[in-house]
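Next up, structure.pdb (PDB, C-alpha atoms and all ligand atoms):
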ATOM      1  CA  MET A  26      -1.703  -3.611 -20.473  1.00  0.00           C
ATOM      2  CA  SER A  27      -1.514  -0.033 -19.377  1.00  0.00           C
ATOM      3  CA  ARG A  28      -2.030   0.510 -15.703  1.00  0.00           C
ATOM      4  CA  ARG A  29      -2.508   3.964 -14.217  1.00  0.00           C
ATOM      5  CA  LYS A  30       0.320   4.689 -11.817  1.00  0.00           C
ATOM      6  CA  LEU A  31      -0.715   4.783  -8.166  1.00  0.00           C
ATOM      7  CA  VAL A  32       1.300   6.644  -5.534  1.00  0.00           C
ATOM      8  CA  VAL A  33       0.049   6.489  -1.970  1.00  0.00           C
ATOM      9  CA  GLY A  34       1.414   8.044   1.187  1.00  0.00           C
ATOM     10  CA  ASN A  35       1.172   6.168   4.462  1.00  0.00           C
ATOM     11  CA  TRP A  36       1.346   8.606   7.334  1.00  0.00           C
ATOM     12  CA  LYS A  37       1.360   5.831   9.959  1.00  0.00           C
ATOM     13  CA  MET A  38       0.941   7.334  13.466  1.00  0.00           C
ATOM     14  CA  ASN A  39       1.857  10.824  12.325  1.00  0.00           C
ATOM     15  CA  GLY A  40      -0.306  13.840  11.777  1.00  0.00           C
ATOM     16  CA  LEU A  41      -2.450  16.254  13.752  1.00  0.00           C
ATOM     17  CA  ARG A  42      -4.768  18.911  12.398  1.00  0.00           C
ATOM     18  CA  ALA A  43      -1.750  21.211  12.259  1.00  0.00           C
ATOM     19  CA  GLN A  44      -0.511  19.067   9.340  1.00  0.00           C
ATOM     20  CA  LEU A  45      -3.622  19.533   7.184  1.00  0.00           C
ATOM     21  CA  GLY A  46      -1.673  22.158   5.248  1.00  0.00           C
ATOM     22  CA  GLU A  47       0.607  19.341   4.066  1.00  0.00           C
ATOM     23  CA  VAL A  48      -2.445  17.372   2.932  1.00  0.00           C
ATOM     24  CA  GLU A  49      -3.501  20.400   0.920  1.00  0.00           C
ATOM     25  CA  ALA A  50      -0.044  20.754  -0.631  1.00  0.00           C
ATOM     26  CA  ILE A  51      -0.052  17.072  -1.583  1.00  0.00           C
ATOM     27  CA  GLY A  52      -3.527  17.423  -3.092  1.00  0.00           C
ATOM     28  CA  LYS A  53      -2.227  20.277  -5.236  1.00  0.00           C
ATOM     29  CA  ALA A  54       0.775  18.234  -6.356  1.00  0.00           C
ATOM     30  CA  ALA A  55      -1.632  15.444  -7.315  1.00  0.00           C
ATOM     31  CA  ALA A  56      -3.697  17.841  -9.417  1.00  0.00           C
ATOM     32  CA  GLU A  57      -0.634  18.613 -11.523  1.00  0.00           C
ATOM     33  CA  VAL A  58      -0.336  15.013 -12.714  1.00  0.00           C
ATOM     34  CA  PRO A  59      -3.862  13.766 -13.416  1.00  0.00           C
ATOM     35  CA  GLU A  60      -2.417  10.699 -15.145  1.00  0.00           C
ATOM     36  CA  VAL A  61      -1.195   9.503 -11.732  1.00  0.00           C
ATOM     37  CA  GLU A  62      -3.636   8.393  -9.034  1.00  0.00           C
ATOM     38  CA  VAL A  63      -2.477   9.841  -5.725  1.00  0.00           C
ATOM     39  CA  GLY A  64      -3.666   9.124  -2.232  1.00  0.00           C
ATOM     40  CA  LEU A  65      -2.826   9.638   1.399  1.00  0.00           C
ATOM     41  CA  CYS A  66      -3.604   7.125   4.126  1.00  0.00           C
ATOM     42  CA  VAL A  67      -3.803   9.201   7.270  1.00  0.00           C
ATOM     43  CA  PRO A  68      -4.566   8.363  10.902  1.00  0.00           C
ATOM     44  CA  ALA A  69      -8.298   7.728  11.336  1.00  0.00           C
ATOM     45  CA  THR A  70      -8.641  10.878  13.444  1.00  0.00           C
ATOM     46  CA  LEU A  71      -7.537  12.981  10.470  1.00  0.00           C
ATOM     47  CA  ILE A  72      -9.681  11.358   7.770  1.00  0.00           C
ATOM     48  CA  ALA A  73     -12.629  13.715   8.049  1.00  0.00           C
ATOM     49  CA  GLY A  74     -10.455  16.818   8.158  1.00  0.00           C
ATOM     50  CA  ALA A  75      -8.189  15.626   5.372  1.00  0.00           C
ATOM     51  CA  THR A  76     -11.009  14.869   2.939  1.00  0.00           C
ATOM     52  CA  GLY A  77     -11.931  18.538   3.039  1.00  0.00           C
ATOM     53  CA  CYS A  78      -8.546  19.705   1.782  1.00  0.00           C
ATOM     54  CA  ALA A  79      -7.036  16.802  -0.172  1.00  0.00           C
ATOM     55  CA  GLY A  80      -7.865  18.226  -3.594  1.00  0.00           C
ATOM     56  CA  ALA A  81      -7.035  15.700  -6.292  1.00  0.00           C
ATOM     57  CA  ALA A  82      -5.691  13.135  -3.815  1.00  0.00           C
ATOM     58  CA  PHE A  83      -7.896  10.482  -2.261  1.00  0.00           C
ATOM     59  CA  ILE A  84      -7.887   9.896   1.473  1.00  0.00           C
ATOM     60  CA  GLY A  85      -7.525   6.419   2.856  1.00  0.00           C
ATOM     61  CA  ALA A  86      -7.220   4.644   6.185  1.00  0.00           C
ATOM     62  CA  GLN A  87      -4.386   2.396   7.363  1.00  0.00           C
ATOM     63  CA  ASP A  88      -6.378  -0.570   8.668  1.00  0.00           C
ATOM     64  CA  CYS A  89      -9.939  -1.683   9.261  1.00  0.00           C
ATOM     65  CA  HIS A  90     -11.577  -4.384  11.339  1.00  0.00           C
ATOM     66  CA  MET A  91     -12.860  -7.523   9.618  1.00  0.00           C
ATOM     67  CA  LYS A  92     -16.238  -7.306  11.357  1.00  0.00           C
ATOM     68  CA  GLN A  93     -18.951  -4.766  10.605  1.00  0.00           C
ATOM     69  CA  SER A  94     -19.595  -3.865  14.234  1.00  0.00           C
ATOM     70  CA  GLY A  95     -19.546  -5.335  17.704  1.00  0.00           C
ATOM     71  CA  ALA A  96     -17.582  -5.652  20.908  1.00  0.00           C
ATOM     72  CA  HIS A  97     -14.120  -4.721  19.635  1.00  0.00           C
ATOM     73  CA  THR A  98     -12.885  -1.918  21.842  1.00  0.00           C
ATOM     74  CA  GLY A  99     -10.714   0.578  20.042  1.00  0.00           C
ATOM     75  CA  CYS A 100     -11.254  -0.865  16.572  1.00  0.00           C
ATOM     76  CA  LEU A 101     -12.785   0.792  13.531  1.00  0.00           C
ATOM     77  CA  SER A 102     -15.009  -0.809  10.925  1.00  0.00           C
ATOM     78  CA  ALA A 103     -14.819  -0.169   7.207  1.00  0.00           C
ATOM     79  CA  ALA A 104     -18.198   1.568   7.374  1.00  0.00           C
ATOM     80  CA  MET A 105     -16.876   3.990   9.995  1.00  0.00           C
ATOM     81  CA  LEU A 106     -13.840   4.836   7.900  1.00  0.00           C
ATOM     82  CA  LYS A 107     -16.012   5.305   4.850  1.00  0.00           C
ATOM     83  CA  GLU A 108     -18.399   7.564   6.740  1.00  0.00           C
ATOM     84  CA  ALA A 109     -15.434   9.657   7.859  1.00  0.00           C
ATOM     85  CA  GLY A 110     -14.471  10.102   4.200  1.00  0.00           C
ATOM     86  CA  ALA A 111     -11.981   7.350   3.411  1.00  0.00           C
ATOM     87  CA  THR A 112     -12.275   5.733   0.001  1.00  0.00           C
ATOM     88  CA  TRP A 113      -9.279   3.412   0.353  1.00  0.00           C
ATOM     89  CA  VAL A 114      -7.691   1.375   3.115  1.00  0.00           C
ATOM     90  CA  ILE A 115      -4.351  -0.356   3.591  1.00  0.00           C
ATOM     91  CA  VAL A 116      -4.509  -3.888   4.997  1.00  0.00           C
ATOM     92  CA  GLY A 117      -1.726  -6.195   6.083  1.00  0.00           C
ATOM     93  CA  HIS A 118       1.024  -3.631   6.576  1.00  0.00           C
ATOM     94  CA  SER A 119       4.021  -5.386   8.117  1.00  0.00           C
ATOM     95  CA  GLU A 120       3.880  -3.104  11.155  1.00  0.00           C
ATOM     96  CA  ARG A 121       0.386  -4.430  11.871  1.00  0.00           C
ATOM     97  CA  ARG A 122       1.279  -8.019  11.025  1.00  0.00           C
ATOM     98  CA  THR A 123       4.110  -7.730  13.547  1.00  0.00           C
ATOM     99  CA  ASP A 124       2.839  -5.360  16.244  1.00  0.00           C
ATOM    100  CA  GLN A 125      -0.816  -6.454  16.201  1.00  0.00           C
ATOM    101  CA  HIS A 126      -0.085 -10.083  15.314  1.00  0.00           C
ATOM    102  CA  GLU A 127      -2.350 -10.004  12.273  1.00  0.00           C
ATOM    103  CA  THR A 128      -2.347 -13.222  10.287  1.00  0.00           C
ATOM    104  CA  SER A 129      -2.763 -13.475   6.533  1.00  0.00           C
ATOM    105  CA  ALA A 130      -6.264 -14.874   7.136  1.00  0.00           C
ATOM    106  CA  ASP A 131      -7.075 -11.737   9.150  1.00  0.00           C
ATOM    107  CA  VAL A 132      -5.717  -9.610   6.338  1.00  0.00           C
ATOM    108  CA  ALA A 133      -7.867 -11.349   3.712  1.00  0.00           C
ATOM    109  CA  ALA A 134     -10.932 -10.914   5.944  1.00  0.00           C
ATOM    110  CA  LYS A 135     -10.163  -7.220   6.431  1.00  0.00           C
ATOM    111  CA  ALA A 136      -9.851  -6.755   2.673  1.00  0.00           C
ATOM    112  CA  LEU A 137     -13.256  -8.361   2.170  1.00  0.00           C
ATOM    113  CA  ALA A 138     -14.822  -6.218   4.888  1.00  0.00           C
ATOM    114  CA  ALA A 139     -13.435  -3.116   3.193  1.00  0.00           C
ATOM    115  CA  ARG A 140     -14.701  -4.212  -0.196  1.00  0.00           C
ATOM    116  CA  ALA A 141     -18.159  -4.868   1.221  1.00  0.00           C
ATOM    117  CA  GLU A 142     -18.291  -1.149   2.081  1.00  0.00           C
ATOM    118  CA  GLY A 143     -16.996  -0.120  -1.311  1.00  0.00           C
ATOM    119  CA  LEU A 144     -13.520   0.828  -0.123  1.00  0.00           C
ATOM    120  CA  LYS A 145     -10.546   0.162  -2.359  1.00  0.00           C
ATOM    121  CA  VAL A 146      -7.766  -1.837  -0.788  1.00  0.00           C
ATOM    122  CA  ILE A 147      -3.975  -1.919  -0.780  1.00  0.00           C
ATOM    123  CA  LEU A 148      -2.802  -5.318   0.426  1.00  0.00           C
ATOM    124  CA  CYS A 149       0.774  -5.340   1.753  1.00  0.00           C
ATOM    125  CA  LEU A 150       3.271  -8.171   1.515  1.00  0.00           C
ATOM    126  CA  GLY A 151       6.945  -8.384   2.376  1.00  0.00           C
ATOM    127  CA  GLU A 152       9.705 -10.490   3.827  1.00  0.00           C
ATOM    128  CA  SER A 153      12.055  -9.944   6.765  1.00  0.00           C
ATOM    129  CA  LEU A 154      15.789  -9.495   6.318  1.00  0.00           C
ATOM    130  CA  GLU A 155      16.348 -12.960   7.711  1.00  0.00           C
ATOM    131  CA  THR A 156      14.081 -14.439   5.030  1.00  0.00           C
ATOM    132  CA  ARG A 157      15.748 -12.361   2.317  1.00  0.00           C
ATOM    133  CA  ASP A 158      19.209 -13.462   3.461  1.00  0.00           C
ATOM    134  CA  SER A 159      18.149 -17.099   3.521  1.00  0.00           C
ATOM    135  CA  GLY A 160      17.263 -16.864  -0.181  1.00  0.00           C
ATOM    136  CA  LYS A 161      13.584 -17.595   0.444  1.00  0.00           C
ATOM    137  CA  ALA A 162      12.090 -14.157  -0.126  1.00  0.00           C
ATOM    138  CA  ILE A 163      10.084 -15.054  -3.225  1.00  0.00           C
ATOM    139  CA  ASP A 164       8.665 -18.259  -1.745  1.00  0.00           C
ATOM    140  CA  TYR A 165       7.759 -16.400   1.417  1.00  0.00           C
ATOM    141  CA  VAL A 166       6.028 -13.507  -0.318  1.00  0.00           C
ATOM    142  CA  LEU A 167       4.135 -15.753  -2.737  1.00  0.00           C
ATOM    143  CA  ASN A 168       2.913 -17.819   0.168  1.00  0.00           C
ATOM    144  CA  GLN A 169       1.852 -14.652   1.975  1.00  0.00           C
ATOM    145  CA  LEU A 170       0.041 -13.580  -1.208  1.00  0.00           C
ATOM    146  CA  ALA A 171      -1.777 -16.906  -1.504  1.00  0.00           C
ATOM    147  CA  GLU A 172      -2.891 -16.720   2.125  1.00  0.00           C
ATOM    148  CA  SER A 173      -3.837 -13.035   2.138  1.00  0.00           C
ATOM    149  CA  LEU A 174      -5.505 -12.733  -1.256  1.00  0.00           C
ATOM    150  CA  PRO A 175      -9.205 -12.091  -0.701  1.00  0.00           C
ATOM    151  CA  GLU A 176     -11.974 -13.890  -2.555  1.00  0.00           C
ATOM    152  CA  GLY A 177     -12.924 -12.010  -5.707  1.00  0.00           C
ATOM    153  CA  ALA A 178      -9.627 -10.121  -5.914  1.00  0.00           C
ATOM    154  CA  ALA A 179      -9.828  -7.811  -8.920  1.00  0.00           C
ATOM    155  CA  PRO A 180      -7.960  -4.734 -10.140  1.00  0.00           C
ATOM    156  CA  ASP A 181     -10.924  -2.387  -9.806  1.00  0.00           C
ATOM    157  CA  TRP A 182     -10.749  -2.587  -6.006  1.00  0.00           C
ATOM    158  CA  LEU A 183      -7.488  -4.248  -5.027  1.00  0.00           C
ATOM    159  CA  SER A 184      -3.839  -3.278  -5.430  1.00  0.00           C
ATOM    160  CA  ILE A 185      -0.846  -5.011  -3.929  1.00  0.00           C
ATOM    161  CA  ALA A 186       2.181  -3.430  -2.269  1.00  0.00           C
ATOM    162  CA  TYR A 187       5.446  -5.310  -1.989  1.00  0.00           C
ATOM    163  CA  GLU A 188       7.278  -3.864   0.988  1.00  0.00           C
ATOM    164  CA  PRO A 189      10.377  -5.696   2.174  1.00  0.00           C
ATOM    165  CA  ILE A 190      10.356  -5.164   5.942  1.00  0.00           C
ATOM    166  CA  TRP A 191      14.073  -4.443   6.000  1.00  0.00           C
ATOM    167  CA  ALA A 192      13.580  -1.548   3.566  1.00  0.00           C
ATOM    168  CA  ILE A 193      10.840   0.191   5.548  1.00  0.00           C
ATOM    169  CA  GLY A 194      12.106   3.345   7.197  1.00  0.00           C
ATOM    170  CA  THR A 195      15.717   2.205   6.902  1.00  0.00           C
ATOM    171  CA  GLY A 196      16.936   4.056   3.838  1.00  0.00           C
ATOM    172  CA  ARG A 197      18.015   0.698   2.485  1.00  0.00           C
ATOM    173  CA  ILE A 198      16.303  -0.557  -0.659  1.00  0.00           C
ATOM    174  CA  PRO A 199      16.572  -3.768  -2.638  1.00  0.00           C
ATOM    175  CA  THR A 200      18.455  -3.706  -5.913  1.00  0.00           C
ATOM    176  CA  MET A 201      16.353  -2.840  -8.939  1.00  0.00           C
ATOM    177  CA  GLU A 202      16.776  -6.444 -10.068  1.00  0.00           C
ATOM    178  CA  GLN A 203      15.405  -7.724  -6.757  1.00  0.00           C
ATOM    179  CA  ILE A 204      12.369  -5.464  -7.016  1.00  0.00           C
ATOM    180  CA  GLU A 205      11.710  -6.497 -10.608  1.00  0.00           C
ATOM    181  CA  GLU A 206      12.160 -10.163  -9.800  1.00  0.00           C
ATOM    182  CA  MET A 207       9.684  -9.999  -6.923  1.00  0.00           C
ATOM    183  CA  HIS A 208       7.083  -7.994  -8.822  1.00  0.00           C
ATOM    184  CA  SER A 209       7.298 -10.331 -11.773  1.00  0.00           C
ATOM    185  CA  ALA A 210       6.887 -13.339  -9.463  1.00  0.00           C
ATOM    186  CA  ILE A 211       3.829 -11.726  -7.847  1.00  0.00           C
ATOM    187  CA  ARG A 212       2.311 -10.953 -11.260  1.00  0.00           C
ATOM    188  CA  THR A 213       2.888 -14.533 -12.425  1.00  0.00           C
ATOM    189  CA  ALA A 214       1.314 -15.965  -9.264  1.00  0.00           C
ATOM    190  CA  LEU A 215      -1.647 -13.617  -9.663  1.00  0.00           C
ATOM    191  CA  ARG A 216      -2.203 -14.841 -13.214  1.00  0.00           C
ATOM    192  CA  GLN A 217      -2.639 -18.330 -11.866  1.00  0.00           C
ATOM    193  CA  ALA A 218      -4.790 -17.224  -8.948  1.00  0.00           C
ATOM    194  CA  ILE A 219      -7.186 -14.790 -10.624  1.00  0.00           C
ATOM    195  CA  GLY A 220      -6.584 -15.162 -14.361  1.00  0.00           C
ATOM    196  CA  ALA A 221      -4.319 -13.304 -16.743  1.00  0.00           C
ATOM    197  CA  GLY A 222      -6.704 -10.447 -17.494  1.00  0.00           C
ATOM    198  CA  ALA A 223      -7.266  -9.506 -13.869  1.00  0.00           C
ATOM    199  CA  ALA A 224      -3.609 -10.062 -12.944  1.00  0.00           C
ATOM    200  CA  ASP A 225      -2.387  -7.871 -15.771  1.00  0.00           C
ATOM    201  CA  GLY A 226      -4.693  -5.064 -14.689  1.00  0.00           C
ATOM    202  CA  MET A 227      -3.731  -5.177 -11.027  1.00  0.00           C
ATOM    203  CA  ARG A 228      -1.396  -2.498  -9.764  1.00  0.00           C
ATOM    204  CA  LEU A 229       1.679  -3.677  -7.897  1.00  0.00           C
ATOM    205  CA  LEU A 230       3.279  -1.003  -5.741  1.00  0.00           C
ATOM    206  CA  TYR A 231       6.746  -1.016  -4.271  1.00  0.00           C
ATOM    207  CA  GLY A 232       7.194   0.321  -0.744  1.00  0.00           C
ATOM    208  CA  GLY A 233      10.201   0.804   1.524  1.00  0.00           C
ATOM    209  CA  SER A 234      12.433   3.905   1.626  1.00  0.00           C
ATOM    210  CA  VAL A 235      11.051   5.393  -1.570  1.00  0.00           C
ATOM    211  CA  ASN A 236      12.284   8.971  -1.885  1.00  0.00           C
ATOM    212  CA  ALA A 237      12.650  11.733  -4.442  1.00  0.00           C
ATOM    213  CA  ASP A 238      16.031  10.373  -5.561  1.00  0.00           C
ATOM    214  CA  ASN A 239      15.048   6.755  -6.218  1.00  0.00           C
ATOM    215  CA  ALA A 240      11.350   7.052  -7.156  1.00  0.00           C
ATOM    216  CA  ALA A 241      11.738   7.553 -10.915  1.00  0.00           C
ATOM    217  CA  GLU A 242      13.999   4.546 -11.295  1.00  0.00           C
ATOM    218  CA  ILE A 243      11.780   2.294  -9.165  1.00  0.00           C
ATOM    219  CA  PHE A 244       8.540   3.423 -10.823  1.00  0.00           C
ATOM    220  CA  GLY A 245      10.105   2.786 -14.215  1.00  0.00           C
ATOM    221  CA  LEU A 246      10.700  -0.899 -13.531  1.00  0.00           C
ATOM    222  CA  ALA A 247       8.652  -3.554 -15.284  1.00  0.00           C
ATOM    223  CA  ASP A 248       5.663  -4.591 -13.179  1.00  0.00           C
ATOM    224  CA  VAL A 249       6.047  -1.662 -10.778  1.00  0.00           C
ATOM    225  CA  ASP A 250       2.914   0.470 -10.987  1.00  0.00           C
ATOM    226  CA  GLY A 251       3.693   3.004  -8.303  1.00  0.00           C
ATOM    227  CA  GLY A 252       4.635   3.187  -4.660  1.00  0.00           C
ATOM    228  CA  LEU A 253       3.536   3.143  -1.060  1.00  0.00           C
ATOM    229  CA  VAL A 254       5.537   5.836   0.670  1.00  0.00           C
ATOM    230  CA  GLY A 255       5.972   6.356   4.408  1.00  0.00           C
ATOM    231  CA  GLY A 256       8.436   8.941   5.712  1.00  0.00           C
ATOM    232  CA  ALA A 257       8.776  10.811   2.429  1.00  0.00           C
ATOM    233  CA  SER A 258       5.007  11.366   2.204  1.00  0.00           C
ATOM    234  CA  LEU A 259       4.726  13.456   5.349  1.00  0.00           C
ATOM    235  CA  THR A 260       5.232  16.813   3.666  1.00  0.00           C
ATOM    236  CA  GLY A 261       4.260  18.269   0.349  1.00  0.00           C
ATOM    237  CA  ALA A 262       7.883  19.253  -0.254  1.00  0.00           C
ATOM    238  CA  LYS A 263       9.089  15.663   0.014  1.00  0.00           C
ATOM    239  CA  PHE A 264       6.119  13.898  -1.559  1.00  0.00           C
ATOM    240  CA  ALA A 265       5.499  16.177  -4.566  1.00  0.00           C
ATOM    241  CA  PRO A 266       8.683  15.129  -6.429  1.00  0.00           C
ATOM    242  CA  ILE A 267       7.802  11.452  -5.836  1.00  0.00           C
ATOM    243  CA  ILE A 268       4.339  12.029  -7.278  1.00  0.00           C
ATOM    244  CA  ALA A 269       5.894  13.843 -10.226  1.00  0.00           C
ATOM    245  CA  ALA A 270       8.326  10.938 -10.729  1.00  0.00           C
ATOM    246  CA  ALA A 271       5.388   8.641 -11.444  1.00  0.00           C
ATOM    247  CA  ALA A 272       4.181  10.818 -14.319  1.00  0.00           C
TER     248      ALA A 272
HETATM  249  P1  LIG B 301       8.973   4.197   4.346  1.00  0.00           P
HETATM  250  O1  LIG B 301       7.657   3.367   4.722  1.00  0.00           O
HETATM  251  O2  LIG B 301       8.703   4.851   3.003  1.00  0.00           O
HETATM  252  O3  LIG B 301       9.111   5.199   5.453  1.00  0.00           O
HETATM  253  O4  LIG B 301      10.105   3.243   4.273  1.00  0.00           O
HETATM  254  C1  LIG B 301       6.934   2.685   3.745  1.00  0.00           C
HETATM  255  C2  LIG B 301       5.761   1.968   4.363  1.00  0.00           C
HETATM  256  O5  LIG B 301       5.883   1.421   5.469  1.00  0.00           O
HETATM  257  O6  LIG B 301       4.667   1.916   3.761  1.00  0.00           O
END
Show me this structure written as structure tokens.
Amino acid sequence: MSRRKLVVGNWKMNGLRAQLGEVEAIGKAAAEVPEVEVGLCVPATLIAGATGCAGAAFIGAQDCHMKQSGAHTGCLSAAMLKEAGATWVIVGHSERRTDQHETSADVAAKALAARAEGLKVILCLGESLETRDSGKAIDYVLNQLAESLPEGAAPDWLSIAYEPIWAIGTGRIPTMEQIEEMHSAIRTALRQAIGAGAADGMRLLYGGSVNADNAAEIFGLADVDGGLVGGASLTGAKFAPIIAAAA
């Protein structure tokens, strides 16, 4: 099954209009490798501005609310993000699971709310260092997958990112064997959950300290279909070689 590589930047709480030039540079880098799907999930305040200069890259959001509207001060619905220009959204990032106490049930509901608006979704999973060290990483992540997987999960709108929490922003990455083992376990669990055809078409991204030096090796692993990139996606200079590594 050939899956188009997907490389997505997650700007987290970084980026003002002054950084739209970087969005433009990333969009140009994306245009050079049409075989790779490239996107940038920017702060909601930048979505509208970024869509105007993102070139070949799509613009996504980093979270959405599970409800369509209502009394939820400070929150943004999928429809709002879509109206601003987002075509994708990340749900279940570990920083939100931790800082905003989002449960896997919340994450599944957010994914469904996004889908209802026609947004594509990247669903994040990942274990803590404590869980990894206790030898229970695979059990933990598969359980998180089972609890977060939305109804009707299918490769045309959903991708999954495995992001070990201890690798995010730390410069520390799992061994290639650990990444392969986890991605293979996720793929196998997906086959049971949604059927072999859908599971084999679904893109599984790796995230956590991806950079220009390690991207080619990681993206070349079996069952790794691209990456979710934080720090190294903030500038065109850093992100372009990672995009190129997926080609
Ligand atoms: P990082 O972040 O690339 O800075 O480690 C990845 C992420 O949190 O998506």
Legend entry - Ground truth for the PyMOL selection byres (((not hetatm)) within 8 of (chain B and resi 301)), written as a ChimeraX atom specification: /A:34-35,37,118-120,188,190,192-196,232-236,253-258
Inset, instruction - Have a look at A:Ala223, A:Ala69, A:Ala111, A:Ile198 and name the one nearest to Asp238 (chain A); count all atoms listed in the file. - result: A:Ile198
Legend entry - Option closest in space to Glu202 (chain A), from A:Val249, A:Leu183, A:Leu45, A:Ala171 [counting all atoms listed in the file]: A:Val249
Inset, instruction - Excluding Asp131 (chain A) and any residue of its chain fewer than 2 positions from it, enumerate the residues within 9 Å of it, using only C-alpha atoms, and give them as a ChimeraX atom specification. - result: /A:90-91,117,127-129,133-136,173
Legend entry - For CA of Asp181 (chain A) and CA of Met207 (chain A), the interatomic separation in Å (one decimal): 22.2 Å
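Taking all atoms listed in the file into account, those protein, DNA and RNA residues with any atom at most 9 Å away from (-6.0, 7.6, 2.1) amount to Val33, Gly34, Asn35, Val63, Gly64, Leu65, Cys66, Val67, Pro68, Ile72, Ala75, Thr76, Ala82, Phe83, Ile84, Gly85, Ala86, Gln87, Ala111, Thr112, Trp113, Val114 and Ile115 of chain A.
Between CA of Phe244 (chain A) and CA of Glu57 (chain A) there is a distance of 17.8 Å.
Excluding region 149-152 of chain A itself and same-chain residues fewer than 3 positions from it, the residues having an atom within 7 Å of it are Val116, Gly117, His118, Thr156, Arg157, Ala162, Tyr165, Val166, Gln169, Leu170, Ile185, Ala186, Tyr187, Glu188, Pro189 and Ile190 of chain A, counting all atoms listed in the file.
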Can you list what the PyMOL selection byres (((chain A and resi 261) around 12) and not hetatm) grabs from this structure, as a PDB file with C-alpha atoms, keeping the file's coordinate frame?
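The result, written out as result12.pdb:
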ATOM      1  CA  GLY A  34       1.414   8.044   1.187  1.00  0.00           C
ATOM      2  CA  GLN A  44      -0.511  19.067   9.340  1.00  0.00           C
ATOM      3  CA  LEU A  45      -3.622  19.533   7.184  1.00  0.00           C
ATOM      4  CA  GLY A  46      -1.673  22.158   5.248  1.00  0.00           C
ATOM      5  CA  GLU A  47       0.607  19.341   4.066  1.00  0.00           C
ATOM      6  CA  VAL A  48      -2.445  17.372   2.932  1.00  0.00           C
ATOM      7  CA  GLU A  49      -3.501  20.400   0.920  1.00  0.00           C
ATOM      8  CA  ALA A  50      -0.044  20.754  -0.631  1.00  0.00           C
ATOM      9  CA  ILE A  51      -0.052  17.072  -1.583  1.00  0.00           C
ATOM     10  CA  GLY A  52      -3.527  17.423  -3.092  1.00  0.00           C
ATOM     11  CA  LYS A  53      -2.227  20.277  -5.236  1.00  0.00           C
ATOM     12  CA  ALA A  54       0.775  18.234  -6.356  1.00  0.00           C
ATOM     13  CA  ALA A  55      -1.632  15.444  -7.315  1.00  0.00           C
ATOM     14  CA  LEU A  65      -2.826   9.638   1.399  1.00  0.00           C
ATOM     15  CA  ALA A  79      -7.036  16.802  -0.172  1.00  0.00           C
ATOM     16  CA  ALA A  82      -5.691  13.135  -3.815  1.00  0.00           C
ATOM     17  CA  ALA A 237      12.650  11.733  -4.442  1.00  0.00           C
ATOM     18  CA  GLY A 256       8.436   8.941   5.712  1.00  0.00           C
ATOM     19  CA  ALA A 257       8.776  10.811   2.429  1.00  0.00           C
ATOM     20  CA  SER A 258       5.007  11.366   2.204  1.00  0.00           C
ATOM     21  CA  LEU A 259       4.726  13.456   5.349  1.00  0.00           C
ATOM     22  CA  THR A 260       5.232  16.813   3.666  1.00  0.00           C
ATOM     23  CA  ALA A 262       7.883  19.253  -0.254  1.00  0.00           C
ATOM     24  CA  LYS A 263       9.089  15.663   0.014  1.00  0.00           C
ATOM     25  CA  PHE A 264       6.119  13.898  -1.559  1.00  0.00           C
ATOM     26  CA  ALA A 265       5.499  16.177  -4.566  1.00  0.00           C
ATOM     27  CA  PRO A 266       8.683  15.129  -6.429  1.00  0.00           C
ATOM     28  CA  ILE A 267       7.802  11.452  -5.836  1.00  0.00           C
ATOM     29  CA  ILE A 268       4.339  12.029  -7.278  1.00  0.00           C
ATOM     30  CA  ALA A 269       5.894  13.843 -10.226  1.00  0.00           C
TER      31      ALA A 269
END
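You will find CA of Glu205 (chain A) at 10.1 Å from CA of Gly245 (chain A).
If you measure from each of A:Trp191, A:Ala109, A:Glu172, A:Ala270 to Glu155 (chain A) using all atoms listed in the file, the closest one turns out to be A:Trp191.
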Inset, instruction - Any chance you could resolve the PyMOL selection byres (((chain A and resi 60) around 10) and not hetatm) against this file and give the residues as a VMD selection string? - result: chain A and resid 29 to 31 55 to 59 61 to 63 271 to 272
May I have the residues from that selection written out with C-alpha atoms, as a PDB file, keeping the file's coordinate frame?
ATOM      1  CA  ARG A  29      -2.508   3.964 -14.217  1.00  0.00           C
ATOM      2  CA  LYS A  30       0.320   4.689 -11.817  1.00  0.00           C
ATOM      3  CA  LEU A  31      -0.715   4.783  -8.166  1.00  0.00           C
ATOM      4  CA  ALA A  55      -1.632  15.444  -7.315  1.00  0.00           C
ATOM      5  CA  ALA A  56      -3.697  17.841  -9.417  1.00  0.00           C
ATOM      6  CA  GLU A  57      -0.634  18.613 -11.523  1.00  0.00           C
ATOM      7  CA  VAL A  58      -0.336  15.013 -12.714  1.00  0.00           C
ATOM      8  CA  PRO A  59      -3.862  13.766 -13.416  1.00  0.00           C
ATOM      9  CA  VAL A  61      -1.195   9.503 -11.732  1.00  0.00           C
ATOM     10  CA  GLU A  62      -3.636   8.393  -9.034  1.00  0.00           C
ATOM     11  CA  VAL A  63      -2.477   9.841  -5.725  1.00  0.00           C
ATOM     12  CA  ALA A 271       5.388   8.641 -11.444  1.00  0.00           C
ATOM     13  CA  ALA A 272       4.181  10.818 -14.319  1.00  0.00           C
TER      14      ALA A 272
END
Inset, instruction - Check the smallest atom-to-atom distance from each of A:Leu174, A:Ala247, A:Met201, A:Leu137 to Leu215 (chain A) using all atoms listed in the file, then report the winner. - result: A:Leu174
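Residues of protein, DNA and RNA with at least one atom no farther than 12 Å from (6.9, -14.2, -13.4) are, using all atoms listed in the file, Ile163, Leu167, Glu205, Glu206, Met207, His208, Ser209, Ala210, Ile211, Arg212, Thr213, Ala214, Leu215, Arg216, Gln217, Ala221, Ala224, Asp225, Ala247 and Asp248 of chain A.
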